[in-house]
Structure formats: structure tokens, C-alpha cells
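Colleague: Take this structure first; my questions come after.
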Amino acid sequence: MKKLRIALFLAFSFSLFTYLSAQTGTWTAVKSLAPHSNYGVCLLMTDGTVICHNNHGGDYGTGWDRLTPDIHGSYANGTWDTIRSMHNGRLFFSTQVLPNGNVYVSGGEYGAGDTAGEVYNPSTNVWTRIGGLPAGWQVYDGNSELLYNGTVLEGPQIGSIPSYDCLFYTPSTNLFTVAPTAFYNHDEASWLKLRDSSVMFVGIASRFTNRYIPQVNKWVHDDTVPGNLYDPFGEEAGGSFLLPNGKAIFFGATPYNAIYSPSGNITHGTWVSADSFPVINGAQLGMPDASSAMLVNGKILCAVSPVGTSNNDEFRSPAYFLEYDYTTNTFAQVTDTIPVFGTDSLKGVSSYQTQMLSLPDGTILVSISQHSISRQYYIYTPGSAPIAQGKPTIDNITDIHCNSYMITGKLFNGISEGASYGDDWQMATNYPIIRLTDGTNVYYARTSNWNRIGAVQTDSLEDTAYFTLPSIAGGTYSLVVTANGFASNPVMLTTFGVTITSHTNIAPCNSSQGSATAFASTGALPYTYLWSPSGGTNATASGLSAGVYTITVTETGGCSTSASVAITQTPSINITTTVKEVSCRGGNNGGAAAIVHGGTAPYSYLWS
């Protein structure tokens, strides 16, 4: 159980200290402040936008803010808006992005949502309650994992056997059902998805481990951890990651960390000790419920704080940032200056108040919750290039209908779940995101129906996903698929669209001499054309009067697209005159001269 705290003031000066000299990343502040203060998890939607839980709506927050990257794909320069609020307020709760693009949330250590779950549909902007939670059961800061069959494995804290019980959530029925009971207490435990789709955790306040095997629907015992990951106070621990080499690392709230080598089947794997967290400025560091994320260079960004000394001193400040390098089994401190704070650490902030999310462009979004500066978000950019192990491959793109496509390839589900945070938040991004580029403009499509749900490190297995284009002009785009920020090589995609060229504007005094031609791109021939309000049913419309005309082009498959053009008429000629007046003596000394504007010379004149 965490200490819920809100700091009211910040001091922005802190001495700099370097633990190890290494090529670490850099910080950038998101240019615009979020509409509300962050109150926890951020999730990557399948259309490239990000939604973040906030404190709006009372009861520890029912609201969500949304970050949309700018036209050039920059999240740092992106814009904020809000989506519809949840039914129940909740803080420290389970979350999963589902294969249909919807968002699952359940429980909450604080707030009325501890006995409820709900699902958000981004297409309709509607939250729907989940049914079937057994009477008297509660989901606190429970863990969850998306299984290969599309169901969610959920870990409630109060059931018939508290913190050993588990639940299934089935999206097709929108109901909870009881799942097999774990061998060990999963409260405060970090759950990890392995390559064989099994889910592993270390029992709270112990060194004993077990794994859930979804193919046989049961838990099995595994090997014992050599050291203690949990602190002796609130029994917290850090996050966990599947490493690029197929092994896994579990971070501790103590200085201790451990590496697990999976067996790949139901037999035991093996554990060894990893490098311990360092001492900085005389303080031994640990990860008591803190955020972490795998970078595209294979290193892991960790938020850490000084290890506590008592139950009342478990969550200490400041928060430092380290990078763990699995190839050398070493930590390096991130010493780049954090904007606003002006130092390389977060003074007045404990590591548990940080959250991370892997973005499609290979950067990490970092937020600070329950703090006076919680409207400010940050982007962390790795200091070295992506590793080859995480790079997806595109094999083929098939036009399904209109703006819908099927894409096939390899490694669409990444080499890790992306980011981790003890037991309180899940923000996995091991699913395909489609990014299209036209010059400097960047667009994201909406993906769904991944064939390898919740998988990691699928290597040469063929992956499939579907995507729907946003509202973009027809033409040729450079397309990549990303997973956890790793991008494939680009391929070219020509989308169905139509453009119109106005050939002739109407000359002065004529009523109908304008013409325009529509040019369609891709789609199945033959096309049909329909001009409105007039112009006929051919690609070229002629004899048009001044006005705006819309062409709708439909291809054989039934896809339609429209574009408009304005036919204008040049102004009629007009005349200005100069006058020579007749003098008072009379006579014929008067005169006038006409100056013609517009039209086409030569002119003819007639005075009357």
C-alpha cells in the first residue's frame, strides 16, 4: 500500500552528480501543459494518440486527457484535449489496451472503482460497465495481463483467498469469471509476460515464484530468487522486463535485482543476481513501486529513489533516473538536465510518483502524478540508435475495402511489453502501430485485430493486423509499422483519393464556359463520376457557370471519395472618365476621355 501524498511546493535547485559516465538520453518538456493534473497511467491508443488519467471529476479522478502529436509527428509539440470521463473514480488500477482498440480498466487502491471495471470505446467515446465481479471481491492495485486468446487475466486483492485469487475478463461477453488461483500472494507483485505467453511473478515478501500457463489454464511453480526484491516495510518491488536476449530482469525496492532465464516450457527456469542499484549522493537507491521503460537501444530507463528506513519513510525523494544495460549488466545515471526542475533529478518527488510510456517514435513519455507540477509532461530521447532485435518487418499490405487494409509481417508485437510499474499500472505497447508520412507530414492509422495478441518476441512467426486510414488526401505515402517504438523499414502505400483541376475560368460576359477534370488515384477500375450541382457523369465537366462544384468518384469495389473546385468569372470591363469643361464664354471647348479597365483589347467606342 502506497502513501498517498501531494507535494505543494517545489525547490528547483539540486547538486549534480554523475554515477557512471555513459551515453544516456536527453529530456524535453512537452510544450503545452495538460488540461488537468496527471493522476497515474498513460496508455497508447492504436491510432497513435495517448490518453492519461487525471484528477478531474473527484473520487481520485474519473477524467482522462488526450495527447495528439502535431502534423509532423511530434509528441513534444502535440496538443491536448479530453475524452469522456469514467463512471467511477479510481487510483492505482489495472489497465489493458484490447485488440479491438478499446481500453479495459478495473479496480483501484483508492476510489469507488475498487469493485468495478469498465471499458472505453474510442470510436464512440463511451465507457461501458463490466459485469460479473463476484460479490465481495475487490480489485485494488491489482495486476493484469492480456492473454493470447484476447481475455485479460486480472489479480484482485480481496476474494475467497485474498490476493491469491484471479479473474478472467472476456471482451466478447463483457463479464468477469473466476480464474485458477495462484500459488503465491500477488499483491504488490510485478507480473511479466514471457516468450511462451506464460505470466510470471514473485510472491509478495518472498523469493518464491510461479507462472500461469494459459495453454493449459493452470499455475505452475518455478525456481526461487536468490535475493530479496521486496522491501521490509510496505513490501513493494519494482518493475520487470523481458530482455532482448530472451532472459528477464526483475527490479527490487531493495538494492537487489535478479535475472531469470526461462525454460520455454512448464519446467523451472533459473535465477542469478543482477547488478545492484547504485549509491548516489550517499543514498542507496531502490525501486519501491516505480516506473521503468525499455528504450529502443535495448537499455531500460528506471526511476529510482533512496531506499526507505521505516514504514513512515518508505517513499523518499528525490527521484533519479538510471539506464540499465543488459549487455554489460551495469547502471548509468542520466545526468541530462530535466526542464523546469533545472537538475538531473526530481527534488520533492518520489520514484513511485513517476509513470512512463513507450511512444511510436522511439521516445518515452514521462509523467509525474500527485504533485503540484503534474500538468507538465516530459519526453525522454535515447542516446543511441535502435537495436536490430526489435525491428519489425512488413511482408505485404492488402487493400480490404476503401480505407481499410490488412498488413502482414514479423515482430509486430515487439520484444518486450514496453514499460513496467510494479503492480499498480499496466501500460503495455506490444502491438502494431501504423505511421504514414507525406513529406514532413505524419499521420497515424488505427490498428485492430492483431493475430498474435499480447505476444512478445515472436521472431519469424507471421503476424497480421488490420488498419483503417485517418482522413487524409488520396496519394502515395511512406508507411512503417512500429511496436514499442521500434520502426520497420518503410514501404510505399498509394491510397484511394481524387483531385480536381479547373481548366478554364469563365470569361467576362459569358455564362457557361468553365470546365474541370477529376483525377482518381488507385482503387479498382472502372470509376463512376457524378458532378454536383451539375456537370454530368464524366471525369471532365464542361460548360459550367460560376460556382462551386463537387465530384464524387466511386470505384468498382464501392469506395467513394469526393473533392470540390470553384469556377470563377473574371470581372466585366468598367470605365473611368476625365472631363474638359466648357468655359463661361461658351463655344465647343468641352471634352471627355474614357479609360477602359478589364476585358480584352482592341476596344470599340460609341459616344451618345
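So you can find residues: chains in the C-alpha cells are A, B, ... in the order shown, residues in each start at 1, and ligands are numbered from 1 in order.
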Give me, as a list in words, all polymer residues having an atom no more than 9 Å from Gly418 in chain A, counting only C-alpha atoms and skipping those fewer than 4 positions away in the same chain.
Modeller: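 So, after excluding close chain neighbours, the residues are Phe241, Ser292, Ala293, Met294, Leu295, Leu357, Ser358, Gly414, Met427, Ala428, Thr429, Asn430, Ala483, Asn484 and Gly485 of chain A.
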Colleague: Residues near range 445-462 of chain A, anyone? I mean within 7 Å using only C-alpha atoms, not counting same-chain ones fewer than 3 positions away, as a PyMOL selection string.
Modeller: chain A and resi 46-47+99-101+146-150+195+197+408-411+413-416+430+432-435+465-470
Colleague: Give me, as a VMD selection string, all polymer residues having an atom no more than 10 Å from Gln353 in chain A, counting only C-alpha atoms and skipping those fewer than 2 positions away in the same chain.
Modeller: chain A and resid 4 to 6 38 to 40 289 to 291 303 315 319 349 to 351 355 367 to 371 374
Colleague: Show me, as a ChimeraX atom specification, the residues that have an atom within 7 Å of range 129-145 of chain A when counting only C-alpha atoms, minus same-chain residues fewer than 2 positions from it.
Modeller: /A:92-94,106-109,114-119,127,147,152-159,174-177,187,191,423-424
Colleague: Could you take the residues named above and write them with N, CA and C atoms, as an mmCIF file, in the first residue's frame?
Modeller:
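Output file part05.cif is given in full below:
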```cif
data_model
loop_
_atom_site.group_PDB
_atom_site.id
_atom_site.type_symbol
_atom_site.label_atom_id
_atom_site.label_comp_id
_atom_site.auth_asym_id
_atom_site.auth_seq_id
_atom_site.Cartn_x
_atom_site.Cartn_y
_atom_site.Cartn_z
ATOM 1 N N PHE A 92 -4.480 3.958 -8.884
ATOM 2 C CA PHE A 92 -3.711 2.714 -8.880
ATOM 3 C C PHE A 92 -4.619 1.546 -9.263
ATOM 4 N N PHE A 93 -4.803 1.352 -10.565
ATOM 5 C CA PHE A 93 -5.775 0.365 -11.054
ATOM 6 C C PHE A 93 -5.221 -0.371 -12.271
ATOM 7 N N SER A 94 -5.885 -1.454 -12.654
ATOM 8 C CA SER A 94 -5.456 -2.284 -13.773
ATOM 9 C C SER A 94 -5.908 -1.685 -15.101
ATOM 10 N N SER A 106 -9.899 -1.584 -14.439
ATOM 11 C CA SER A 106 -10.572 -2.296 -13.354
ATOM 12 C C SER A 106 -9.924 -1.978 -12.026
ATOM 13 N N GLY A 107 -10.763 -1.873 -10.990
ATOM 14 C CA GLY A 107 -10.298 -1.730 -9.624
ATOM 15 C C GLY A 107 -9.742 -0.367 -9.305
ATOM 16 N N GLY A 108 -8.978 -0.314 -8.223
ATOM 17 C CA GLY A 108 -8.375 0.920 -7.754
ATOM 18 C C GLY A 108 -8.071 0.814 -6.274
ATOM 19 N N GLU A 109 -6.828 1.087 -5.894
ATOM 20 C CA GLU A 109 -6.476 1.062 -4.476
ATOM 21 C C GLU A 109 -7.223 2.131 -3.710
ATOM 22 N N ASP A 114 -12.977 0.277 -6.867
ATOM 23 C CA ASP A 114 -12.324 -0.959 -6.441
ATOM 24 C C ASP A 114 -13.208 -2.185 -6.637
ATOM 25 N N THR A 115 -14.500 -1.984 -6.785
ATOM 26 C CA THR A 115 -15.418 -3.114 -7.007
ATOM 27 C C THR A 115 -16.034 -3.062 -8.397
ATOM 28 N N ALA A 116 -15.370 -2.397 -9.332
ATOM 29 C CA ALA A 116 -15.973 -2.239 -10.653
ATOM 30 C C ALA A 116 -14.899 -2.169 -11.725
ATOM 31 N N GLY A 117 -15.288 -2.571 -12.908
ATOM 32 C CA GLY A 117 -14.456 -2.407 -14.083
ATOM 33 C C GLY A 117 -15.286 -1.776 -15.186
ATOM 34 N N GLU A 118 -14.625 -1.223 -16.188
ATOM 35 C CA GLU A 118 -15.327 -0.637 -17.319
ATOM 36 C C GLU A 118 -14.429 -0.616 -18.542
ATOM 37 N N VAL A 119 -15.052 -0.444 -19.710
ATOM 38 C CA VAL A 119 -14.345 -0.480 -20.981
ATOM 39 C C VAL A 119 -14.660 0.789 -21.758
ATOM 40 N N TRP A 127 -17.908 4.929 -22.168
ATOM 41 C CA TRP A 127 -17.460 3.945 -21.191
ATOM 42 C C TRP A 127 -18.625 3.011 -20.852
ATOM 43 N N LEU A 147 -3.972 -11.991 -22.397
ATOM 44 C CA LEU A 147 -3.577 -13.336 -22.795
ATOM 45 C C LEU A 147 -3.712 -13.521 -24.305
ATOM 46 N N VAL A 152 -8.384 -11.121 -20.492
ATOM 47 C CA VAL A 152 -7.479 -10.456 -19.557
ATOM 48 C C VAL A 152 -7.419 -11.271 -18.274
ATOM 49 N N LEU A 153 -6.209 -11.574 -17.819
ATOM 50 C CA LEU A 153 -6.013 -12.205 -16.516
ATOM 51 C C LEU A 153 -5.847 -11.103 -15.492
ATOM 52 N N GLU A 154 -6.727 -11.079 -14.506
ATOM 53 C CA GLU A 154 -6.781 -9.997 -13.511
ATOM 54 C C GLU A 154 -6.481 -10.549 -12.129
ATOM 55 N N GLY A 155 -5.740 -9.769 -11.313
ATOM 56 C CA GLY A 155 -5.390 -10.191 -9.963
ATOM 57 C C GLY A 155 -6.061 -9.344 -8.903
ATOM 58 N N PRO A 156 -7.241 -9.721 -8.421
ATOM 59 C CA PRO A 156 -7.907 -8.965 -7.345
ATOM 60 C C PRO A 156 -7.211 -9.173 -6.003
ATOM 61 N N GLN A 157 -7.399 -8.213 -5.099
ATOM 62 C CA GLN A 157 -6.763 -8.319 -3.778
ATOM 63 C C GLN A 157 -7.703 -8.871 -2.708
ATOM 64 N N ILE A 158 -8.981 -8.820 -2.954
ATOM 65 C CA ILE A 158 -9.933 -9.398 -1.993
ATOM 66 C C ILE A 158 -10.830 -10.359 -2.744
ATOM 67 N N GLY A 159 -10.762 -11.636 -2.359
ATOM 68 C CA GLY A 159 -11.595 -12.674 -2.950
ATOM 69 C C GLY A 159 -11.810 -13.755 -1.924
ATOM 70 N N ASN A 174 -18.167 -9.215 -22.059
ATOM 71 C CA ASN A 174 -18.053 -8.086 -21.124
ATOM 72 C C ASN A 174 -18.341 -8.523 -19.693
ATOM 73 N N LEU A 175 -17.798 -9.694 -19.319
ATOM 74 C CA LEU A 175 -18.033 -10.258 -17.996
ATOM 75 C C LEU A 175 -16.732 -10.748 -17.374
ATOM 76 N N PHE A 176 -16.696 -10.703 -16.021
ATOM 77 C CA PHE A 176 -15.646 -11.359 -15.261
ATOM 78 C C PHE A 176 -16.065 -12.795 -14.954
ATOM 79 N N THR A 177 -15.104 -13.707 -14.949
ATOM 80 C CA THR A 177 -15.305 -15.062 -14.460
ATOM 81 C C THR A 177 -14.097 -15.429 -13.609
ATOM 82 N N ASP A 187 -0.251 -9.674 -4.408
ATOM 83 C CA ASP A 187 -0.331 -8.268 -4.011
ATOM 84 C C ASP A 187 1.067 -7.651 -4.086
ATOM 85 N N TRP A 191 3.861 -8.516 -12.557
ATOM 86 C CA TRP A 191 3.597 -9.635 -13.456
ATOM 87 C C TRP A 191 4.362 -9.405 -14.754
ATOM 88 N N ASP A 423 3.144 -3.174 -9.409
ATOM 89 C CA ASP A 423 1.839 -3.824 -9.534
ATOM 90 C C ASP A 423 0.717 -2.850 -9.867
ATOM 91 N N ASP A 424 0.986 -1.557 -9.916
ATOM 92 C CA ASP A 424 -0.097 -0.570 -9.916
ATOM 93 C C ASP A 424 -0.609 -0.173 -11.291
#
```
Colleague: Would you pick out the contacts of Ala592 in chain A at 7 Å or less, using only C-alpha atoms, so that residues sharing its chain but fewer than 2 positions from it are not included, and give the list as a PDB file with N, CA and C atoms, in the first residue's frame?
Modeller:
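The new file out15.pdb reads:
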```
ATOM      1  N   THR A 577     -13.639  58.172 -66.427  1.00  0.00           N
ATOM      2  CA  THR A 577     -13.566  59.262 -67.423  1.00  0.00           C
ATOM      3  C   THR A 577     -12.840  60.465 -66.860  1.00  0.00           C
ATOM      4  N   THR A 578     -12.246  61.219 -67.768  1.00  0.00           N
ATOM      5  CA  THR A 578     -11.728  62.542 -67.439  1.00  0.00           C
ATOM      6  C   THR A 578     -12.484  63.549 -68.294  1.00  0.00           C
ATOM      7  N   VAL A 579     -12.703  64.750 -67.718  1.00  0.00           N
ATOM      8  CA  VAL A 579     -13.583  65.731 -68.376  1.00  0.00           C
ATOM      9  C   VAL A 579     -12.857  67.055 -68.573  1.00  0.00           C
ATOM     10  N   LYS A 580     -13.020  67.661 -69.771  1.00  0.00           N
ATOM     11  CA  LYS A 580     -12.586  69.042 -70.030  1.00  0.00           C
ATOM     12  C   LYS A 580     -13.859  69.882 -70.173  1.00  0.00           C
ATOM     13  N   ALA A 594     -12.358  58.472 -72.140  1.00  0.00           N
ATOM     14  CA  ALA A 594     -12.727  57.228 -71.438  1.00  0.00           C
ATOM     15  C   ALA A 594     -11.484  56.359 -71.245  1.00  0.00           C
TER      16      ALA A 594
END
```
Colleague: Write out as a compact mmCIF listing (two decimals) with N, CA and C atoms, in the first residue's frame the set of residues from range 281-518 of chain A that DSSP, computed on the backbone, places in helix (DSSP H, G or I).
Modeller:
```txt
# COMPACT_ATOMS: atom_id res chain seq x y z
N ASN A 311 8.54 2.21 8.02
CA ASN A 311 7.22 2.24 7.38
C ASN A 311 6.79 3.66 7.03
N ASN A 312 7.25 4.63 7.80
CA ASN A 312 6.87 6.02 7.56
C ASN A 312 7.84 6.74 6.62
N ASP A 313 8.86 6.00 6.18
CA ASP A 313 9.90 6.62 5.36
C ASP A 313 10.21 5.75 4.14
N SER A 351 10.06 8.20 -6.56
CA SER A 351 10.01 7.46 -7.82
C SER A 351 8.63 6.86 -8.08
N TYR A 352 7.85 6.56 -7.02
CA TYR A 352 6.52 5.98 -7.25
C TYR A 352 5.56 6.97 -7.90
N GLN A 353 5.90 8.26 -7.87
CA GLN A 353 5.03 9.27 -8.48
C GLN A 353 5.29 9.45 -9.98
N ALA A 388 18.81 -4.00 -33.59
CA ALA A 388 18.17 -4.73 -34.70
C ALA A 388 17.13 -5.73 -34.20
N GLN A 389 17.28 -6.25 -32.97
CA GLN A 389 16.37 -7.30 -32.49
C GLN A 389 14.92 -6.85 -32.44
N GLY A 390 14.68 -5.54 -32.26
CA GLY A 390 13.32 -5.07 -32.10
C GLY A 390 12.65 -4.59 -33.37
```
Colleague: Which residue is closest to Ser545 in chain A? Choose from A:Val216, A:Ala566, A:Leu530, A:Val596 and count only C-alpha atoms.
Modeller: A:Ala566
Colleague: Going by DSSP on the backbone, which residues of range 299-518 of chain A come out as strand (DSSP E)? List them as a ChimeraX atom specification.
Modeller: /A:300-306,320-325,330-333,354-358,364-368,378-381,393-401,404-410,419-421,433-438,441-444,446-448,462-468,475-483,486-487,491-495,497-504,514-518
Colleague: Excluding Ala385 in chain A and residues on its chain fewer than 2 positions from it, collect all residues at most 10 Å away from it, counting only C-alpha atoms, and give them as an MDAnalysis selection string.
Modeller: chainID A and resid 295:298 362 382:383 387:388
Colleague: Between CA of Arg66 in chain A and CA of Phe486 in chain A, what is the distance, to one decimal in Å?
Modeller: 22.5 Å
Colleague: Closest to Leu194 in chain A among A:Asp463, A:Glu417, A:Asp59, A:Asp81, using only C-alpha atoms?
Modeller: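 Among A:Asp463, A:Glu417, A:Asp59, A:Asp81, it is A:Glu417 that comes nearest to Leu194 in chain A.
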Colleague: Here is a test: counting only C-alpha atoms, which residue of A:Ala274, A:Met287, A:Met200, A:Ala419 is nearest to Thr328 in chain A?
Modeller: A:Ala274
Colleague: Of the candidates A:Gln513, A:Thr181, A:Asn281, A:Thr440, which one gets nearest to Gly73 in chain A if we count only C-alpha atoms?
Modeller: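 Of A:Gln513, A:Thr181, A:Asn281, A:Thr440, the one nearest Gly73 in chain A is A:Thr440, counting only C-alpha atoms.
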Colleague: Identify which of the residues A:Gly557, A:Pro122, A:Pro255, A:Pro392 lies closest to Leu44 in chain A, counting only C-alpha atoms when measuring atom-to-atom distances.
Modeller: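 Under the stated criterion, the closest residue is A:Pro122.
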Colleague: Restricting the calculation to only C-alpha atoms, which member of A:Tyr212, A:Phe321, A:Tyr326, A:Phe341 is positioned closest to Met356 in chain A?
Modeller: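 Answer, going by the shortest atom-to-atom distance: A:Phe321.
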